[in-house]
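Heads up, run-v2.tsv below (TSV, C-alpha atoms):
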```
chain	number	residue	atom	x	y	z
K	15	MET	CA	-25.68	37.97	-40.52
K	16	ASN	CA	-24.87	40.45	-37.73
K	17	LYS	CA	-27.00	38.42	-35.32
K	18	LEU	CA	-25.09	35.24	-36.20
K	19	ARG	CA	-21.77	37.04	-35.76
K	20	HIS	CA	-22.89	38.38	-32.40
K	21	LEU	CA	-24.09	34.93	-31.31
K	22	SER	CA	-20.77	33.38	-32.34
K	23	MET	CA	-18.86	35.95	-30.32
K	24	VAL	CA	-21.03	35.31	-27.26
K	25	LEU	CA	-20.49	31.56	-27.55
K	26	LEU	CA	-16.75	32.05	-27.89
K	27	MET	CA	-16.70	34.24	-24.80
K	28	ILE	CA	-18.66	31.66	-22.82
K	29	ALA	CA	-16.34	28.87	-23.97
K	30	ALA	CA	-13.28	30.92	-23.03
K	31	THR	CA	-14.73	31.64	-19.61
K	32	VAL	CA	-15.48	27.95	-19.01
K	33	LEU	CA	-12.01	26.87	-20.13
K	34	THR	CA	-10.37	29.50	-17.94
K	35	THR	CA	-12.47	28.42	-14.97
K	36	PHE	CA	-11.44	24.77	-15.37
K	37	ALA	CA	-7.83	25.71	-15.98
K	38	ASP	CA	-7.73	27.83	-12.81
K	39	ARG	CA	-9.63	25.36	-10.65
K	40	LYS	CA	-7.48	23.87	-7.95
K	41	PRO	CA	-7.91	20.12	-7.49
K	42	ASN	CA	-9.62	18.85	-4.37
K	43	VAL	CA	-7.39	16.63	-2.23
K	44	TYR	CA	-8.76	14.79	0.78
K	45	ILE	CA	-6.32	13.91	3.57
K	46	LEU	CA	-7.09	10.92	5.79
K	47	ALA	CA	-4.94	10.88	8.92
K	48	THR	CA	-4.13	7.71	10.84
K	49	GLY	CA	-1.35	8.90	13.18
K	50	GLY	CA	2.22	7.65	13.14
K	51	THR	CA	5.53	9.47	13.60
K	52	ILE	CA	4.39	12.31	11.35
K	53	ALA	CA	1.87	13.04	14.12
K	54	GLY	CA	4.34	12.26	16.91
K	55	THR	CA	5.82	14.53	19.56
K	56	GLY	CA	9.07	14.31	21.48
K	57	ALA	CA	10.40	15.81	24.69
K	58	SER	CA	12.59	18.26	22.77
K	59	ALA	CA	13.69	19.21	19.26
K	60	THR	CA	16.83	17.08	19.63
K	61	SER	CA	15.34	14.12	21.48
K	62	SER	CA	15.33	10.74	19.73
K	63	GLY	CA	12.46	9.52	21.87
K	64	TYR	CA	8.88	10.39	20.97
K	65	THR	CA	5.28	9.18	21.10
K	66	SER	CA	3.42	8.49	17.85
K	67	GLY	CA	-0.06	9.69	17.04
K	68	GLN	CA	-0.26	12.79	19.25
K	69	VAL	CA	-0.92	15.57	16.72
K	70	THR	CA	-4.23	15.90	14.87
K	71	ILE	CA	-4.62	16.37	11.15
K	72	HIS	CA	-5.57	20.03	11.63
K	73	SER	CA	-2.25	20.72	13.37
K	74	LEU	CA	-0.39	18.94	10.58
K	75	LEU	CA	-2.13	21.09	7.98
K	76	ASP	CA	-1.42	24.28	9.92
K	77	ALA	CA	2.29	23.41	9.80
K	78	VAL	CA	2.25	23.32	5.97
K	79	PRO	CA	0.13	26.27	4.80
K	80	GLN	CA	1.77	26.10	1.36
K	81	ILE	CA	-0.32	23.07	0.40
K	82	GLN	CA	-3.32	25.38	0.12
K	83	ASP	CA	-1.61	26.85	-2.96
K	84	ILE	CA	-1.59	23.41	-4.58
K	85	ALA	CA	-5.10	22.14	-3.85
K	86	ASN	CA	-8.28	22.62	-1.89
K	87	ILE	CA	-7.63	20.54	1.22
K	88	THR	CA	-10.04	18.69	3.46
K	89	GLY	CA	-8.69	16.78	6.46
K	90	GLU	CA	-10.25	13.90	8.37
K	91	GLN	CA	-8.88	12.00	11.37
K	92	VAL	CA	-9.64	8.29	10.86
K	93	VAL	CA	-7.56	6.99	13.79
K	94	ASN	CA	-4.51	8.32	15.63
K	95	ILE	CA	-2.21	5.37	16.33
K	96	GLY	CA	1.34	4.23	15.83
K	97	SER	CA	1.28	1.97	12.79
K	98	GLN	CA	2.80	-0.88	14.78
K	99	ASN	CA	-0.77	-1.16	16.09
K	100	MET	CA	-2.43	-1.28	12.66
K	101	THR	CA	-5.39	-3.66	12.41
K	102	ASP	CA	-7.54	-5.29	9.76
K	103	ASP	CA	-10.47	-3.19	10.98
K	104	VAL	CA	-8.59	0.03	10.18
K	105	TRP	CA	-7.64	-1.34	6.77
K	106	LEU	CA	-11.26	-2.15	5.96
K	107	THR	CA	-12.38	1.27	7.21
K	108	LEU	CA	-9.76	3.02	5.09
K	109	ALA	CA	-10.61	1.04	1.95
K	110	ARG	CA	-14.32	1.81	2.27
K	111	ARG	CA	-13.69	5.49	3.04
K	112	VAL	CA	-11.27	5.91	0.14
K	113	ASN	CA	-13.68	4.25	-2.29
K	114	ASP	CA	-16.61	6.36	-1.08
K	115	LEU	CA	-14.62	9.58	-1.47
K	116	LEU	CA	-13.16	8.77	-4.88
K	117	ALA	CA	-16.58	7.79	-6.22
K	118	THR	CA	-17.61	11.45	-5.98
K	119	ASP	CA	-16.73	14.16	-8.50
K	120	SER	CA	-15.68	16.48	-5.67
K	121	VAL	CA	-12.50	14.57	-4.75
K	122	ASP	CA	-9.58	14.41	-7.20
K	123	GLY	CA	-7.06	12.61	-5.04
K	124	ILE	CA	-6.36	11.30	-1.55
K	125	VAL	CA	-3.38	11.50	0.78
K	126	ILE	CA	-3.16	9.18	3.78
K	127	THR	CA	-0.80	10.07	6.61
K	128	HIS	CA	0.50	6.88	8.20
K	129	GLY	CA	3.17	5.47	10.46
K	130	THR	CA	6.13	3.97	8.64
K	131	ASP	CA	6.22	0.59	10.43
K	132	THR	CA	3.36	-0.93	8.43
K	133	MET	CA	2.97	1.67	5.68
K	134	GLU	CA	4.07	-0.76	2.97
K	135	GLU	CA	1.38	-3.26	4.03
K	136	THR	CA	-1.42	-0.68	4.16
K	137	ALA	CA	-0.37	0.70	0.77
K	138	PHE	CA	-0.41	-2.77	-0.77
K	139	PHE	CA	-3.78	-3.60	0.79
K	140	LEU	CA	-5.29	-0.43	-0.67
K	141	ASN	CA	-3.55	-1.08	-3.99
K	142	LEU	CA	-5.63	-4.27	-4.22
K	143	THR	CA	-8.93	-2.89	-2.87
K	144	VAL	CA	-9.31	0.70	-4.12
K	145	LYS	CA	-11.69	0.87	-7.09
K	146	SER	CA	-10.59	4.12	-8.72
K	147	ASN	CA	-7.77	5.32	-10.96
K	148	LYS	CA	-7.56	8.61	-9.06
K	149	PRO	CA	-4.33	9.10	-7.10
K	150	VAL	CA	-4.03	7.65	-3.60
K	151	VAL	CA	-0.78	8.56	-1.84
K	152	LEU	CA	0.55	7.38	1.51
K	153	THR	CA	3.11	9.41	3.41
K	154	GLY	CA	4.59	9.69	6.87
K	155	ALA	CA	7.78	10.67	8.64
K	156	MET	CA	10.83	9.17	10.26
K	157	ARG	CA	11.16	12.09	12.67
K	158	PRO	CA	8.41	13.45	14.92
K	159	SER	CA	6.75	16.80	14.30
K	160	THR	CA	8.73	18.38	17.15
K	161	ALA	CA	12.15	17.38	15.77
K	162	MET	CA	14.62	20.05	14.67
K	163	SER	CA	14.69	18.58	11.16
K	164	ALA	CA	11.23	17.04	10.94
K	165	ASP	CA	10.67	15.41	7.56
K	166	GLY	CA	6.88	15.23	7.86
K	167	PRO	CA	5.95	18.70	6.55
K	168	LEU	CA	7.83	18.31	3.25
K	169	ASN	CA	6.60	14.73	2.83
K	170	LEU	CA	3.02	15.94	3.29
K	171	TYR	CA	3.53	18.81	0.84
K	172	ASN	CA	5.09	16.52	-1.79
K	173	SER	CA	2.29	14.01	-1.34
K	174	VAL	CA	-0.38	16.63	-1.96
K	175	CYS	CA	1.54	17.76	-5.07
K	176	THR	CA	1.54	14.16	-6.27
K	177	ALA	CA	-2.12	13.45	-5.47
K	178	ALA	CA	-3.23	16.69	-7.13
K	179	ASP	CA	-1.39	16.08	-10.40
K	180	PRO	CA	-3.27	14.37	-13.29
K	181	SER	CA	-0.10	12.47	-14.25
K	182	SER	CA	-0.48	10.41	-11.07
K	183	LYS	CA	-3.72	8.81	-12.25
K	184	GLY	CA	-3.79	5.10	-13.04
K	185	ARG	CA	-0.48	4.27	-11.36
K	186	GLY	CA	-1.93	2.43	-8.39
K	187	VAL	CA	-1.47	3.40	-4.76
K	188	LEU	CA	1.74	5.36	-4.22
K	189	ILE	CA	4.11	6.08	-1.34
K	190	VAL	CA	5.81	9.49	-1.30
K	191	MET	CA	8.71	9.84	1.13
K	192	ASN	CA	11.88	11.95	1.07
K	193	GLY	CA	11.25	13.18	-2.46
K	194	LEU	CA	10.70	9.75	-4.04
K	195	ILE	CA	7.48	8.38	-5.54
K	196	LEU	CA	7.26	4.62	-5.01
K	197	GLY	CA	4.76	1.92	-5.99
K	198	ALA	CA	2.84	-0.11	-3.43
K	199	HIS	CA	3.82	-3.50	-4.84
K	200	GLY	CA	7.58	-3.34	-4.41
K	201	THR	CA	8.25	-0.75	-1.72
K	202	GLN	CA	9.86	-1.81	1.55
K	203	LYS	CA	11.00	-0.06	4.70
K	204	MET	CA	14.74	-0.68	4.48
K	205	ASN	CA	16.18	1.20	7.45
K	206	THR	CA	15.05	1.63	11.05
K	207	VAL	CA	15.94	5.33	11.41
K	208	SER	CA	16.94	6.90	8.06
K	209	VAL	CA	14.64	9.37	6.30
K	210	GLN	CA	15.50	7.53	3.07
K	211	THR	CA	14.11	4.31	4.52
K	212	PHE	CA	11.56	3.53	1.79
K	213	GLN	CA	12.95	1.93	-1.36
K	214	ASP	CA	11.87	-0.52	-4.02
K	215	PRO	CA	14.98	-2.73	-4.08
K	216	ASN	CA	13.81	-4.86	-7.00
K	217	GLY	CA	12.11	-2.36	-9.27
K	218	GLY	CA	13.18	1.15	-8.31
K	219	ALA	CA	11.21	4.31	-7.67
K	220	PHE	CA	8.46	5.35	-10.07
K	221	GLY	CA	9.67	8.95	-9.98
K	222	TYR	CA	10.33	11.94	-7.78
K	223	VAL	CA	8.85	15.27	-6.74
K	224	TYR	CA	10.70	18.43	-7.76
K	225	ASN	CA	9.57	22.05	-7.52
K	226	SER	CA	6.06	21.01	-6.47
K	227	LYS	CA	5.54	18.62	-9.39
K	228	PRO	CA	5.80	14.84	-9.75
K	229	TYR	CA	8.00	13.41	-12.51
K	230	TYR	CA	7.61	9.77	-13.55
K	231	SER	CA	9.96	7.41	-15.36
K	232	LEU	CA	8.54	3.97	-14.39
K	233	TYR	CA	5.17	2.30	-13.95
K	234	THR	CA	4.01	-1.08	-12.69
K	235	THR	CA	2.83	-3.96	-14.86
K	236	LYS	CA	1.13	-5.64	-11.89
K	237	LEU	CA	-2.65	-5.57	-11.60
K	238	HIS	CA	-4.03	-3.02	-9.15
K	239	THR	CA	-7.01	-0.82	-8.17
K	240	THR	CA	-9.56	-0.84	-11.01
K	241	GLU	CA	-8.08	-4.06	-12.42
K	242	SER	CA	-8.17	-5.90	-9.10
K	243	VAL	CA	-10.77	-8.61	-8.48
K	244	PHE	CA	-10.75	-8.07	-4.72
K	245	ASP	CA	-13.68	-6.24	-3.15
K	246	VAL	CA	-13.88	-5.61	0.60
K	247	SER	CA	-16.94	-3.35	0.57
K	248	GLY	CA	-19.12	-6.01	2.21
K	249	LEU	CA	-16.52	-7.62	4.47
K	250	LYS	CA	-16.53	-7.30	8.24
K	251	GLU	CA	-13.31	-9.23	8.75
K	252	LEU	CA	-10.45	-10.78	6.81
K	253	PRO	CA	-9.35	-14.43	6.86
K	254	LYS	CA	-6.79	-15.26	9.53
K	255	VAL	CA	-3.27	-15.60	8.06
K	256	GLY	CA	0.01	-15.86	9.99
K	257	ILE	CA	3.73	-15.76	9.22
K	258	VAL	CA	6.23	-18.44	10.28
K	259	TYR	CA	9.85	-17.31	10.24
K	260	ALA	CA	12.58	-19.74	9.19
K	261	TYR	CA	15.96	-20.02	10.89
K	262	SER	CA	18.65	-22.58	11.62
K	263	ASN	CA	17.43	-25.53	13.70
K	264	VAL	CA	13.90	-24.12	13.88
K	265	TYR	CA	11.72	-26.23	16.17
K	266	PRO	CA	8.65	-27.88	14.62
K	267	ASP	CA	6.38	-26.86	17.50
K	268	VAL	CA	6.49	-23.21	16.33
K	269	MET	CA	3.94	-24.37	13.76
K	270	ASP	CA	1.44	-25.75	16.28
K	271	PRO	CA	-0.45	-22.48	16.95
K	272	TYR	CA	-1.15	-22.12	13.23
K	273	LEU	CA	-2.65	-25.60	12.98
K	274	HIS	CA	-5.21	-25.32	15.76
K	275	ASN	CA	-6.43	-21.73	16.03
K	276	GLY	CA	-8.53	-21.04	12.97
K	277	TYR	CA	-5.80	-19.94	10.57
K	278	LYS	CA	-6.81	-20.14	6.91
K	279	GLY	CA	-3.35	-19.43	5.55
K	280	ILE	CA	0.32	-19.54	6.48
K	281	ILE	CA	3.16	-17.52	5.00
K	282	HIS	CA	6.50	-19.27	5.39
K	283	ALA	CA	9.29	-16.67	5.51
K	284	GLY	CA	11.82	-19.11	4.16
K	285	LEU	CA	15.54	-19.32	3.64
K	286	GLY	CA	17.09	-18.20	0.36
K	287	ASN	CA	14.63	-18.92	-2.45
K	288	GLY	CA	11.86	-19.80	0.01
K	289	ASN	CA	13.57	-22.95	1.27
K	290	ILE	CA	12.08	-24.89	4.18
K	291	HIS	CA	13.94	-26.50	7.10
K	292	LYS	CA	13.44	-30.27	7.38
K	293	ASN	CA	11.89	-29.78	10.84
K	294	ILE	CA	9.11	-27.60	9.41
K	295	PHE	CA	8.37	-29.40	6.15
K	296	PRO	CA	6.09	-32.10	7.69
K	297	LYS	CA	4.15	-29.43	9.58
K	298	LEU	CA	3.51	-27.44	6.40
K	299	ASP	CA	2.32	-30.62	4.69
K	300	GLU	CA	0.02	-31.20	7.67
K	301	ALA	CA	-1.34	-27.69	7.26
K	302	ARG	CA	-2.20	-28.41	3.63
K	303	LYS	CA	-4.03	-31.60	4.65
K	304	GLU	CA	-6.06	-29.42	7.04
K	305	GLY	CA	-7.01	-27.14	4.14
K	306	ILE	CA	-4.69	-24.31	5.19
K	307	VAL	CA	-3.08	-22.54	2.21
K	308	VAL	CA	0.72	-22.36	2.45
K	309	VAL	CA	2.69	-19.63	0.67
K	310	ARG	CA	6.47	-19.76	0.42
K	311	SER	CA	8.15	-16.37	0.69
K	312	SER	CA	11.67	-15.45	1.80
K	313	ARG	CA	13.35	-13.62	4.65
K	314	THR	CA	15.93	-12.48	2.05
K	315	PRO	CA	15.10	-8.82	1.27
K	316	THR	CA	15.55	-8.89	-2.51
K	317	GLY	CA	14.82	-11.28	-5.36
K	318	PRO	CA	11.79	-13.46	-6.11
K	319	THR	CA	10.64	-16.65	-4.43
K	320	THR	CA	10.13	-18.70	-7.58
K	321	GLU	CA	8.02	-21.72	-8.40
K	322	PHE	CA	9.35	-25.27	-8.81
K	323	ASP	CA	13.05	-24.55	-8.28
K	324	GLU	CA	14.27	-26.08	-5.03
K	325	VAL	CA	10.85	-26.99	-3.65
K	326	ASP	CA	8.35	-29.08	-5.60
K	327	ASP	CA	5.37	-26.79	-5.13
K	328	LYS	CA	3.07	-28.93	-7.22
K	329	ALA	CA	3.71	-32.06	-5.15
K	330	HIS	CA	3.10	-30.22	-1.87
K	331	GLU	CA	0.46	-27.78	-3.19
K	332	PHE	CA	2.47	-24.79	-2.01
K	333	VAL	CA	2.23	-21.29	-3.49
K	334	ALA	CA	5.32	-19.22	-4.36
K	335	SER	CA	5.16	-15.52	-3.48
K	336	TRP	CA	7.44	-14.27	-6.29
K	337	GLU	CA	8.50	-10.65	-5.52
K	338	LEU	CA	6.29	-10.22	-2.46
K	339	ASN	CA	8.02	-10.24	0.91
K	340	PRO	CA	6.33	-12.17	3.77
K	341	GLN	CA	4.25	-9.26	5.09
K	342	LYS	CA	2.91	-8.37	1.65
K	343	ALA	CA	2.37	-12.02	0.78
K	344	ARG	CA	0.16	-12.16	3.87
K	345	VAL	CA	-1.91	-9.22	2.59
K	346	LEU	CA	-2.47	-10.84	-0.80
K	347	LEU	CA	-3.25	-14.24	0.70
K	348	MET	CA	-5.88	-12.76	3.01
K	349	LEU	CA	-7.60	-11.15	0.06
K	350	ALA	CA	-7.16	-14.21	-2.15
K	351	LEU	CA	-8.88	-16.36	0.49
K	352	THR	CA	-11.96	-14.14	0.24
K	353	LYS	CA	-12.28	-15.41	-3.34
K	354	THR	CA	-11.05	-19.03	-3.30
K	355	ASN	CA	-9.25	-21.77	-1.38
K	356	ASP	CA	-7.80	-23.30	-4.57
K	357	TRP	CA	-4.00	-23.14	-4.31
K	358	LYS	CA	-3.60	-23.11	-8.10
K	359	LYS	CA	-5.85	-20.07	-8.46
K	360	ILE	CA	-4.07	-18.38	-5.56
K	361	GLN	CA	-0.74	-19.03	-7.29
K	362	GLU	CA	-2.14	-17.25	-10.33
K	363	TYR	CA	-2.98	-14.24	-8.14
K	364	PHE	CA	0.61	-14.15	-6.89
K	365	ARG	CA	1.87	-14.03	-10.47
K	366	GLN	CA	-0.54	-11.23	-11.39
K	367	TYR	CA	-0.50	-8.96	-8.34
```

What's the structure tokens form of this structure?
Amino acid sequence: MNKLRHLSMVLLMIAATVLTTFADRKPNVYILATGGTIAGTGASATSSGYTSGQVTIHSLLDAVPQIQDIANITGEQVVNIGSQNMTDDVWLTLARRVNDLLATDSVDGIVITHGTDTMEETAFFLNLTVKSNKPVVLTGAMRPSTAMSADGPLNLYNSVCTAADPSSKGRGVLIVMNGLILGAHGTQKMNTVSVQTFQDPNGGAFGYVYNSKPYYSLYTTKLHTTESVFDVSGLKELPKVGIVYAYSNVYPDVMDPYLHNGYKGIIHAGLGNGNIHKNIFPKLDEARKEGIVVVRSSRTPTGPTTEFDEVDDKAHEFVASWELNPQKARVLLMLALTKTNDWKKIQEYFRQY
């Protein structure tokens, strides 16, 4: 009896030790740096001019030592560019690297530092190609690292807090900027200079970061990450898709480059609810006859581009983008074209994602 009691006590002590160890273990967050304003430097602390992608990830981490209290941090410089120069090759590299890292037990979440110009596109691309429910968070800055009131350090800190927290799992790829937590599907850059530039004008922010912890009130119903059918692990390039912008008295010859240079898809950034100028309509029909998929989106910043309202999509075999703006519609169409050229199936993707 005494031996059993002693054994029970030993087992309880071991269990308590194990539980304490897991409770005290800091999560492991991997930071992938790509450059951008957060890594930019200016001539002075008050200068509005600066050059993106000058500071390495190690310098960024040194500027925010407090993140070491939140998680075990590993930094890796993927590229160091302004995001106006983002490419499909970098996207594919990021997707593969993120998937490789998250497939291991040693990484609990990922933060990607990124320029703000194309952050929403990169986030959406990863939202459709990452194959894990672990947190992936993009962040950046509207002011360079040398600015008097640089926003990058706090954005990086809040992003690590978000990526390290278990409540961030399963929410898709996130953007954390200026205290807000936003979803990849609906987020847009809404202002050229403001630190509060990123918003989801149709759906709202998922939550916010306060006192080093994320708080959530919304989630997306769109398919993403582990639910996504898109897999880029074996791809060396993405299908060529361009955007045609609509405006008053648009000339039909603006379409000619898209008809003769290997484009597989065209996004029409239309008027109002994706409306098409009479000068462009015949050219878009010609594109369909050539097997080029045409997606109607809108240059209007909010509201959906809906099916079968003012344009007979079925008659012309056009696809409606719904809530996706032209640049995000391009991302989804590129990935959709890796699966099918059937406009009906692609329309289904635009309803789901």

Next item on the list: Compile the contact shell of K:Leu140 as an MDAnalysis selection string: residues with an atom at most 8 Å away, counting all atoms listed in the file, same-chain residues fewer than 4 positions apart removed.
Entry: chainID K and resid 105 109 136 144 187 239

List as a short mmCIF file (atom, residue, chain, number, x, y, z; two decimals) with C-alpha atoms, in the frame of the given file the protein and nucleic acid residues near K:Thr352, meaning an atom at most 10 Å away when all atoms listed in the file are counted, but skip any in the same chain fewer than 5 places from it.
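Writing done, so here's part20.cif:
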```
data_model
loop_
_atom_site.label_atom_id
_atom_site.label_comp_id
_atom_site.auth_asym_id
_atom_site.auth_seq_id
_atom_site.Cartn_x
_atom_site.Cartn_y
_atom_site.Cartn_z
CA PHE K 244 -10.75 -8.07 -4.72
CA ASP K 245 -13.68 -6.24 -3.15
CA VAL K 246 -13.88 -5.61 0.60
CA LEU K 249 -16.52 -7.62 4.47
CA GLU K 251 -13.31 -9.23 8.75
CA LEU K 252 -10.45 -10.78 6.81
CA PRO K 253 -9.35 -14.43 6.86
CA LEU K 347 -3.25 -14.24 0.70
#
```

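Minimum atom-to-atom distance to K:Leu346, evaluated using only C-alpha atoms, belongs to K:Leu142 out of K:Ala198, K:Ile81, K:Val325, K:Leu142.
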
Next item on the list: Name the closest residue to K:Thr234 among the candidates K:Thr211, K:Thr314, K:Thr201, K:Asn172; distances are taken between atoms, counting only C-alpha atoms.
Entry: K:Thr201

Item checked: Separation of atom CA of K:Gly221 from atom CA of K:Ala177, in Å and rounded to one decimal ->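 Between atom CA of K:Gly221 and atom CA of K:Ala177 the gap is 13.4 Å.
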
Margin query: Would you pick out the contacts of K:Ser335 at 8 Å or less, using all atoms listed in the file, so that residues sharing its chain but fewer than 3 positions from it are not included, and give the list as JSON, numbers by chain?
Written below: {"K": [309, 310, 311, 318, 319, 320, 338, 339, 343, 361, 364, 365]}

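Among the candidates K:Ser312, K:Thr127, K:Gln80, K:Asn225, the one nearest to K:Gly286 when counting all atoms listed in the file is K:Ser312.
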
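Atom CA of K:Asn293 sits 22.9 Å away from atom CA of K:Trp357.
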
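Between atom CA of K:Asp179 and atom CA of K:Gly166 the interatomic distance comes to 20.1 Å.
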
I'd like the contact shell of K:Val264 - 12 Å cut-off, only C-alpha atoms, skipping same-chain residues fewer than 5 positions apart - returned as a PDB file with C-alpha atoms, in the frame of the given file.
```pdb
ATOM      1  CA  VAL K 258       6.230 -18.440  10.280  1.00  0.00           C
ATOM      2  CA  TYR K 259       9.850 -17.310  10.240  1.00  0.00           C
ATOM      3  CA  MET K 269       3.940 -24.370  13.760  1.00  0.00           C
ATOM      4  CA  GLY K 284      11.820 -19.110   4.160  1.00  0.00           C
ATOM      5  CA  LEU K 285      15.540 -19.320   3.640  1.00  0.00           C
ATOM      6  CA  ILE K 290      12.080 -24.890   4.180  1.00  0.00           C
ATOM      7  CA  HIS K 291      13.940 -26.500   7.100  1.00  0.00           C
ATOM      8  CA  LYS K 292      13.440 -30.270   7.380  1.00  0.00           C
ATOM      9  CA  ASN K 293      11.890 -29.780  10.840  1.00  0.00           C
ATOM     10  CA  ILE K 294       9.110 -27.600   9.410  1.00  0.00           C
ATOM     11  CA  PHE K 295       8.370 -29.400   6.150  1.00  0.00           C
ATOM     12  CA  LYS K 297       4.150 -29.430   9.580  1.00  0.00           C
TER      13      LYS K 297
END
```

Next item on the list: Please provide the set of residues having any atom within 9 Å of K:Thr153, restricted to only C-alpha atoms, with same-chain residues fewer than 3 positions apart removed, written as a list in words.
Entry: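 So, after excluding close chain neighbours, the residues are Ile52, Val125, Ile126, Thr127, His128, Gly129, Thr130, Met133, Gly166, Asn169, Leu170, Ser173, Leu188, Ile189, Val190 and Met191 of chain K.
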